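File shown here: coords_9.tsv, holding TSV, C-alpha atoms and all ligand atoms.
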```tsv
chain	number	residue	atom	x	y	z
K	1	MET	CA	125.03	112.50	116.25
K	2	ALA	CA	122.22	111.64	118.68
K	3	PRO	CA	122.87	108.68	121.01
K	4	PRO	CA	121.26	105.38	119.99
K	5	PHE	CA	117.74	104.98	121.36
K	6	LEU	CA	117.47	101.29	120.55
K	7	VAL	CA	120.41	98.90	120.49
K	8	LEU	CA	120.35	95.20	119.61
K	9	ASP	CA	123.61	93.54	120.46
K	10	ASN	CA	124.07	90.03	119.07
K	11	VAL	CA	120.45	89.01	119.63
K	12	THR	CA	119.43	85.41	118.97
K	13	ALA	CA	115.83	84.60	119.75
K	14	GLY	CA	113.00	82.19	119.10
K	15	TYR	CA	109.84	80.48	120.21
K	16	GLY	CA	111.34	77.42	121.84
K	17	GLN	CA	111.66	75.33	118.65
K	18	GLY	CA	114.90	76.54	117.12
K	19	TRP	CA	116.00	80.10	116.54
K	20	ALA	CA	113.91	82.49	114.45
K	21	LEU	CA	116.47	85.30	114.74
K	22	ARG	CA	120.21	84.85	114.78
K	23	ASN	CA	123.01	87.20	115.83
K	24	LEU	CA	121.23	90.46	115.09
K	25	SER	CA	123.12	93.64	115.86
K	26	PHE	CA	122.02	97.15	114.93
K	27	SER	CA	121.03	100.38	116.57
K	28	VAL	CA	118.48	103.09	115.88
K	29	VAL	CA	119.31	106.67	116.78
K	30	ALA	CA	116.59	108.81	118.40
K	31	GLY	CA	114.59	110.48	115.64
K	32	GLU	CA	115.51	107.97	112.92
K	33	MET	CA	112.93	106.41	110.59
K	34	VAL	CA	114.01	102.93	109.56
K	35	GLY	CA	112.32	100.37	107.29
K	36	VAL	CA	112.49	96.63	107.91
K	37	LEU	CA	112.17	94.49	104.77
K	38	GLY	CA	112.45	90.79	104.09
K	39	PRO	CA	110.52	87.84	102.66
K	40	ASN	CA	107.67	86.11	104.47
K	41	GLY	CA	108.97	84.18	107.44
K	42	SER	CA	112.30	86.03	107.53
K	43	GLY	CA	111.77	87.15	111.15
K	44	LYS	CA	110.40	90.70	110.86
K	45	SER	CA	107.50	90.23	113.30
K	46	THR	CA	109.74	88.17	115.56
K	47	LEU	CA	112.18	91.09	115.66
K	48	LEU	CA	109.43	93.43	116.91
K	49	ARG	CA	108.37	90.79	119.48
K	50	ALA	CA	111.98	90.50	120.67
K	51	ILE	CA	112.15	94.25	121.29
K	52	THR	CA	108.88	94.21	123.22
K	53	ARG	CA	109.90	91.17	125.31
K	54	MET	CA	107.27	88.85	123.92
K	55	LEU	CA	109.55	85.93	123.07
K	56	PRO	CA	110.16	82.96	125.35
K	57	GLU	CA	113.81	82.62	124.32
K	58	LEU	CA	116.32	85.39	123.83
K	59	VAL	CA	120.06	85.72	124.23
K	60	GLY	CA	122.06	88.87	123.62
K	61	ARG	CA	121.23	92.39	124.75
K	62	ILE	CA	118.48	94.83	123.83
K	63	LEU	CA	118.91	98.35	125.22
K	64	LEU	CA	116.31	101.07	125.13
K	65	ASP	CA	117.48	104.55	126.00
K	66	GLY	CA	120.63	102.99	127.44
K	67	ARG	CA	118.89	100.46	129.69
K	68	PRO	CA	118.20	96.73	129.10
K	69	VAL	CA	114.53	96.30	128.11
K	70	GLN	CA	113.95	93.67	130.78
K	71	ARG	CA	114.75	96.26	133.48
K	72	TYR	CA	111.71	98.34	132.54
K	73	SER	CA	108.29	97.69	134.00
K	74	ARG	CA	105.57	97.01	131.40
K	75	ARG	CA	104.17	100.46	132.13
K	76	GLU	CA	107.52	102.23	131.71
K	77	LEU	CA	108.16	100.33	128.48
K	78	ALA	CA	104.75	101.33	127.11
K	79	ARG	CA	105.58	105.00	127.64
K	80	LEU	CA	108.68	104.64	125.48
K	81	LEU	CA	107.51	102.17	122.83
K	82	ALA	CA	104.18	101.71	121.08
K	83	VAL	CA	103.44	98.83	118.74
K	84	VAL	CA	101.06	98.74	115.80
K	85	PRO	CA	100.59	94.97	115.46
K	86	GLN	CA	100.06	93.17	112.18
K	87	GLU	CA	96.60	92.00	113.11
K	88	THR	CA	94.81	91.84	116.40
K	89	ALA	CA	91.67	89.96	117.16
K	90	ILE	CA	89.59	92.28	119.33
K	91	SER	CA	87.18	89.97	121.05
K	92	PHE	CA	85.02	92.47	122.93
K	93	ASP	CA	82.63	94.90	121.39
K	94	PHE	CA	84.62	98.09	122.00
K	95	SER	CA	84.05	101.33	120.16
K	96	VAL	CA	86.82	102.90	118.10
K	97	GLU	CA	87.24	105.59	120.74
K	98	GLU	CA	87.45	103.05	123.59
K	99	ILE	CA	90.22	101.13	121.80
K	100	VAL	CA	92.20	104.31	121.17
K	101	ALA	CA	91.69	105.41	124.80
K	102	MET	CA	93.42	102.17	125.88
K	103	GLY	CA	96.60	103.79	124.55
K	104	ARG	CA	96.43	106.18	127.53
K	105	GLU	CA	96.69	103.29	130.03
K	106	PRO	CA	100.44	103.67	130.72
K	107	HIS	CA	99.95	107.38	131.48
K	108	LEU	CA	96.89	107.18	133.73
K	109	SER	CA	97.33	108.27	137.28
K	110	ARG	CA	97.54	105.47	139.82
K	111	SER	CA	96.18	107.58	142.65
K	112	PRO	CA	93.20	106.09	144.55
K	113	LEU	CA	91.06	108.84	143.02
K	114	ALA	CA	91.94	107.86	139.45
K	115	PRO	CA	88.96	105.52	138.89
K	116	LEU	CA	86.70	108.47	139.68
K	117	ILE	CA	88.01	110.35	136.66
K	118	LYS	CA	86.12	108.29	134.12
K	119	GLY	CA	87.83	108.05	130.74
K	120	GLY	CA	90.95	109.79	132.04
K	121	THR	CA	91.60	113.50	132.46
K	122	VAL	CA	90.65	116.27	130.05
K	123	GLY	CA	94.24	116.00	128.80
K	124	ASP	CA	93.85	112.25	128.13
K	125	ARG	CA	90.63	112.82	126.23
K	126	ARG	CA	92.27	115.53	124.15
K	127	VAL	CA	95.15	113.19	123.22
K	128	VAL	CA	92.63	110.50	122.16
K	129	ALA	CA	90.64	113.00	120.08
K	130	GLU	CA	93.85	114.23	118.42
K	131	ALA	CA	94.97	110.68	117.62
K	132	LEU	CA	91.59	109.91	116.01
K	133	GLU	CA	91.79	113.14	114.03
K	134	ARG	CA	95.30	112.37	112.76
K	135	VAL	CA	94.27	109.00	111.33
K	136	GLY	CA	91.02	110.42	109.93
K	137	LEU	CA	88.67	108.38	112.13
K	138	SER	CA	86.96	111.09	114.21
K	139	GLY	CA	83.72	110.47	112.34
K	140	LEU	CA	83.77	106.76	113.27
K	141	ARG	CA	84.69	107.15	116.93
K	142	ARG	CA	81.46	105.66	118.30
K	143	ARG	CA	81.41	102.76	115.80
K	144	SER	CA	82.08	99.23	117.08
K	145	VAL	CA	85.47	97.93	115.95
K	146	HIS	CA	83.64	94.88	114.60
K	147	GLU	CA	81.92	97.07	112.06
K	148	LEU	CA	85.07	98.37	110.40
K	149	SER	CA	86.95	97.47	107.25
K	150	GLY	CA	90.45	95.97	107.59
K	151	GLY	CA	91.97	99.32	106.64
K	152	GLU	CA	89.91	101.21	109.21
K	153	ARG	CA	90.90	98.71	111.90
K	154	GLN	CA	94.53	99.21	110.95
K	155	ARG	CA	94.12	102.97	111.43
K	156	VAL	CA	92.46	102.40	114.84
K	157	LEU	CA	95.54	100.47	115.97
K	158	LEU	CA	97.75	103.31	114.74
K	159	ALA	CA	95.62	105.86	116.63
K	160	ARG	CA	95.88	103.76	119.80
K	161	ALA	CA	99.68	103.75	119.42
K	162	LEU	CA	99.72	107.54	118.89
K	163	ALA	CA	97.55	108.04	121.99
K	164	GLN	CA	100.28	106.24	123.90
K	165	GLN	CA	102.61	109.19	123.08
K	166	PRO	CA	105.68	106.97	122.85
K	167	GLN	CA	109.18	107.98	121.84
K	168	MET	CA	109.37	105.15	119.34
K	169	LEU	CA	106.79	103.47	117.13
K	170	LEU	CA	107.16	99.86	115.99
K	171	LEU	CA	104.81	99.04	113.13
K	172	ASP	CA	104.19	95.60	111.63
K	173	GLU	CA	102.92	95.88	108.06
K	174	PRO	CA	100.70	98.85	108.94
K	175	SER	CA	99.74	99.49	105.32
K	176	SER	CA	98.87	95.94	104.24
K	177	HIS	CA	95.08	96.54	104.22
K	178	LEU	CA	95.16	100.14	103.03
K	179	ASP	CA	94.30	101.47	99.59
K	180	ILE	CA	96.93	103.61	97.85
K	181	ASN	CA	95.45	106.84	99.19
K	182	HIS	CA	95.57	105.62	102.79
K	183	LYS	CA	99.00	104.04	102.29
K	184	VAL	CA	100.41	107.43	101.28
K	185	GLU	CA	98.55	109.15	104.13
K	186	LEU	CA	99.95	106.66	106.62
K	187	PHE	CA	103.55	107.13	105.50
K	188	ASP	CA	103.06	110.92	105.29
K	189	LEU	CA	101.79	110.87	108.87
K	190	LEU	CA	104.70	108.74	110.11
K	191	SER	CA	107.11	111.08	108.38
K	192	GLN	CA	105.43	114.16	109.88
K	193	LEU	CA	105.55	112.69	113.40
K	194	ASN	CA	109.16	111.77	112.80
K	195	HIS	CA	110.08	115.31	111.70
K	196	GLU	CA	107.81	117.31	114.04
K	197	ARG	CA	108.24	115.37	117.27
K	198	GLY	CA	111.44	113.46	116.64
K	199	LEU	CA	109.45	110.23	116.99
K	200	SER	CA	111.69	107.26	116.15
K	201	VAL	CA	110.04	104.82	113.74
K	202	LEU	CA	110.80	101.20	112.91
K	203	VAL	CA	108.38	100.09	110.22
K	204	VAL	CA	108.06	96.57	108.78
K	205	SER	CA	106.53	96.70	105.33
K	206	HIS	CA	106.09	94.84	102.07
K	207	ASP	CA	105.29	98.18	100.39
K	208	VAL	CA	108.95	98.43	99.50
K	209	ASN	CA	108.70	101.22	96.95
K	210	LEU	CA	106.65	103.45	99.21
K	211	THR	CA	108.74	102.70	102.29
K	212	VAL	CA	112.00	103.76	100.67
K	213	GLU	CA	110.48	107.11	99.66
K	214	TYR	CA	110.33	107.90	103.39
K	215	VAL	CA	113.03	106.07	105.30
K	216	SER	CA	116.70	106.98	105.47
K	217	ARG	CA	117.77	103.46	106.28
K	218	VAL	CA	116.69	99.91	105.55
K	219	LEU	CA	117.28	96.68	107.44
K	220	LEU	CA	116.92	93.61	105.23
K	221	LEU	CA	116.21	90.29	106.93
K	222	ASP	CA	116.53	86.88	105.37
K	223	ASP	CA	116.04	83.60	107.19
K	224	GLY	CA	116.33	85.19	110.64
K	225	ARG	CA	119.52	87.10	109.86
K	226	LEU	CA	120.19	90.75	109.19
K	227	VAL	CA	121.76	90.54	105.75
K	228	ARG	CA	121.90	94.25	104.88
K	229	ASP	CA	121.76	97.49	106.86
K	230	GLY	CA	122.17	100.71	104.91
K	231	SER	CA	120.58	103.42	102.82
K	232	PRO	CA	117.84	102.33	100.40
K	233	ALA	CA	120.33	102.69	97.51
K	234	GLU	CA	122.87	100.48	99.29
K	235	VAL	CA	120.38	97.75	100.20
K	236	LEU	CA	117.95	97.61	97.28
K	237	THR	CA	120.23	96.34	94.58
K	238	LYS	CA	119.21	93.88	91.90
K	239	SER	CA	121.65	91.18	93.00
K	240	THR	CA	120.76	91.43	96.70
K	241	LEU	CA	117.00	91.38	96.14
K	242	GLU	CA	117.13	88.55	93.61
K	243	ALA	CA	119.11	86.45	96.08
K	244	VAL	CA	116.87	87.24	99.05
K	245	TYR	CA	113.43	87.19	97.38
K	246	ARG	CA	114.28	84.41	94.89
K	247	THR	CA	112.73	86.28	92.03
K	248	ARG	CA	113.92	88.37	89.09
K	249	VAL	CA	113.66	92.11	89.63
K	250	GLU	CA	114.68	95.32	87.95
K	251	ILE	CA	115.60	98.44	89.92
K	252	LEU	CA	114.51	101.83	88.58
K	253	ASP	CA	114.90	105.27	90.14
K	254	SER	CA	111.87	107.03	91.56
K	255	PRO	CA	111.08	110.05	89.35
K	256	TRP	CA	110.44	112.15	92.51
K	257	SER	CA	113.24	111.31	94.85
K	258	GLY	CA	115.62	109.05	92.97
K	259	ALA	CA	114.96	106.35	95.59
K	260	PRO	CA	115.34	102.82	94.20
K	261	GLN	CA	112.05	101.28	93.07
K	262	VAL	CA	111.74	97.52	92.76
K	263	TRP	CA	109.94	96.01	89.77
K	264	PRO	CA	109.38	92.27	89.97
K	265	ILE	CA	109.70	90.66	86.54
K	266	PRO	CA	106.94	88.16	85.64
K	267	HIS	CA	108.36	84.73	84.81
K	268	GLN	CA	107.31	84.90	81.16
K	269	HIS	CA	109.43	88.04	80.77
K	270	ALA	CA	112.35	87.07	82.99
K	271	PRO	CA	115.66	86.79	81.11
K	272	SER	CA	116.51	83.45	82.74
K	273	PRO	CA	115.33	81.47	85.73
K	274	LEU	CA	117.20	82.03	88.96
K	275	PRO	CA	119.69	79.27	89.72
K	276	GLY	CA	118.41	76.95	92.42
K	277	LYS	CA	114.93	78.47	92.38
K	278	GLU	CA	113.26	75.08	92.37
K	279	GLY	CA	115.89	73.36	94.47
K	280	CYS	CA	116.71	73.68	98.11
K	281	HIS	CA	119.95	75.66	97.87
K	282	ARG	CA	119.89	79.38	97.86
K	283	SER	CA	122.16	81.44	95.68
K	284	PRO	CA	124.80	83.20	97.77
K	285	LEU	CA	124.12	86.78	98.73
K	286	PRO	CA	126.41	89.16	96.85
K	287	GLY	CA	129.01	90.88	99.01
K	288	GLY	CA	129.71	87.72	100.98
K	289	GLU	CA	128.03	89.02	104.12
K	290	GLY	CA	124.97	86.85	104.33
R	1	LIG	P1	107.85	87.55	109.09
R	1	LIG	O1	107.17	88.51	110.01
R	1	LIG	O2	109.13	88.08	108.52
R	1	LIG	O3	106.94	87.05	108.00
R	1	LIG	P2	107.96	85.88	111.45
R	1	LIG	O4	108.80	86.69	112.37
R	1	LIG	O5	106.50	85.87	111.70
R	1	LIG	O6	108.28	86.28	109.94
R	1	LIG	O7	108.45	84.38	111.49
R	1	LIG	C1	109.82	84.03	111.53
R	1	LIG	C2	109.93	82.54	111.83
R	1	LIG	O8	109.41	82.28	113.13
R	1	LIG	C3	109.14	81.69	110.87
R	1	LIG	O9	109.88	80.52	110.63
R	1	LIG	C4	107.87	81.36	111.64
R	1	LIG	O10	107.35	80.12	111.25
R	1	LIG	C5	108.34	81.34	113.07
R	1	LIG	N1	107.28	81.76	114.00
R	1	LIG	C6	106.58	82.91	113.94
R	1	LIG	N2	105.69	83.00	114.95
R	1	LIG	C7	105.84	81.87	115.67
R	1	LIG	C8	105.21	81.35	116.86
R	1	LIG	N3	104.26	82.02	117.50
R	1	LIG	N4	105.64	80.14	117.31
R	1	LIG	C9	106.62	79.45	116.68
R	1	LIG	N5	107.25	79.89	115.57
R	1	LIG	C10	106.87	81.06	115.07
R	2	MG	MG	105.24	89.27	110.02
```

When written as structure tokens, how does the structure in this file appear?
Ligand code: ADP
Ligand code: MG
Amino acid sequence: MAPPFLVLDNVTAGYGQGWALRNLSFSVVAGEMVGVLGPNGSGKSTLLRAITRMLPELVGRILLDGRPVQRYSRRELARLLAVVPQETAISFDFSVEEIVAMGREPHLSRSPLAPLIKGGTVGDRRVVAEALERVGLSGLRRRSVHELSGGERQRVLLARALAQQPQMLLLDEPSSHLDINHKVELFDLLSQLNHERGLSVLVVSHDVNLTVEYVSRVLLLDDGRLVRDGSPAEVLTKSTLEAVYRTRVEILDSPWSGAPQVWPIPHQHAPSPLPGKEGCHRSPLPGGEG
């Protein structure tokens, strides 16, 4: 078994107004592809921010490749981890290619001659071209990022992260603006990078059914806590999901892989309302853990 690449040890974190994450412990082995699921506001984005040291308050330990994250310089961290954020306002009028080239920043030489090599070395430019190719945006490389659809912008951010050549990718709802074709392409690409290069992947997604076709493991967050950590079949059970998402669901098996597929049941077809749905108390999570 490979050593853990990322370790969270009893992490509690927040924004300075109460804790948004509480007592999280898990680890990700190098080369693993893990999905992060959970309702809106459950702490998924906060978890990614904790790992990348963007939170004002954090107790507990986060280790990357055996070393506490706070001991890395920003530049060192960016060579290990790349983030595909949920949405980013890009205020300047950069071209697609310029944004992707920013991913090379942590690798650029710091020699006094470096500014003379405009746009990086031949190697840097090749990495940028490859990243654009992999997300299918070579044809749009000179286009301003302000003239793109939401889905195209999402793929630019992925290409920038690939150009960073990290060992681990953290993605925050990377498929939310994509059509079904591009959703499948995105997950296929993540899976290829994971298999070919051993890239570790931690992907937050509400595309539950697609995610579990690709990941070997799922972390389920609810109200800032990690309530389940296991294989898709262990985590995506009817009782767990009904308790966490407060809605009736049915679980069917994927005809391709047998992975669990979640079908929300519309209220008019639900067998009975969930207890406490309208009230303030939550039904207890089965298994006693949460
Ligand atoms: P998710 O990504 O699962 O939808 P978030 O991690 O964004 O959830 O949010 C978790 C909790 O942290 C929520 O209660 C949210 O209101 C709070 N939160 C998120 N971002 C901030 C912020 N910048 N400042 C203060 N609280 C925040
Ligand atoms: Mg979020």

Work out how far CA of Leu221 in chain K is from atom O8 of ligand LIG 1 (chain R), in Å to one decimal. 12.2 Å

Residue neighbourhood Leu186 in chain K, 9 Å, all atoms listed in the file, exclusion window fewer than 6 positions, as a CSV table (one decimal) with C-alpha atoms, in the frame of the given file:
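Below you can see part-v7.csv, which holds the result:
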```csv
chain,number,residue,atom,x,y,z
K,135,VAL,CA,94.3,109.0,111.3
K,155,ARG,CA,94.1,103.0,111.4
K,174,PRO,CA,100.7,98.8,108.9
K,175,SER,CA,99.7,99.5,105.3
K,178,LEU,CA,95.2,100.1,103.0
```

Can you tell me which residues come within 9 Å of ligand LIG 1 (chain R) when counting all atoms listed in the file, ideally as a ChimeraX atom specification? /K:14-21,37-49,55,86,172-173,204,221-224

Hey, what's within 10 Å of range 1-10 of chain K if we count all atoms listed in the file and toss same-chain stuff fewer than 2 positions away? As an MDAnalysis selection string, please? chainID K and resid 12:13 21:32 47 50:51 59:69 80 167:168 200

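One distance worth recording is that between CA of Val215 in chain K and CA of Val128 in chain K, which is 26.8 Å.
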
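For the set K:Val203, K:His195, K:Val122, K:Ser95, the residue with the smallest atom-to-atom gap to ligand MG 2 (chain R) is K:Val203, counting only C-alpha atoms and all ligand atoms.
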
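The shortest atom-to-atom distance to ligand MG 2 (chain R), with only C-alpha atoms and all ligand atoms taken into account, belongs to K:His206 out of K:Gln70, K:Leu158, K:His206, K:Ser231.
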
Kindly indicate which residue among K:Ala163, K:Val145, K:Val156, K:Ile90 lies nearest to Ala129 in chain K, using all atoms listed in the file for the distances. K:Ala163

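Proximity ranking of K:Pro271, K:Gly136, K:Gly35, K:Gly120 relative to Glu185 in chain K places K:Gly136 first, based on only C-alpha atoms.
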
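You will find CA of Gly151 in chain K at 20.2 Å from CA of Leu193 in chain K.
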
Do a neighbour search on Ala161 in chain K at 7 Å with all atoms listed in the file, toss out local chain neighbours closer than 6 positions, and write the hits as JSON, numbers by chain. {"K": [82, 83, 84, 103]}

Which is closer to ligand MG 2 (chain R) than all the others in K:Val36, K:Leu162, K:Ile251, K:Val262, using all atoms listed in the file? K:Val36
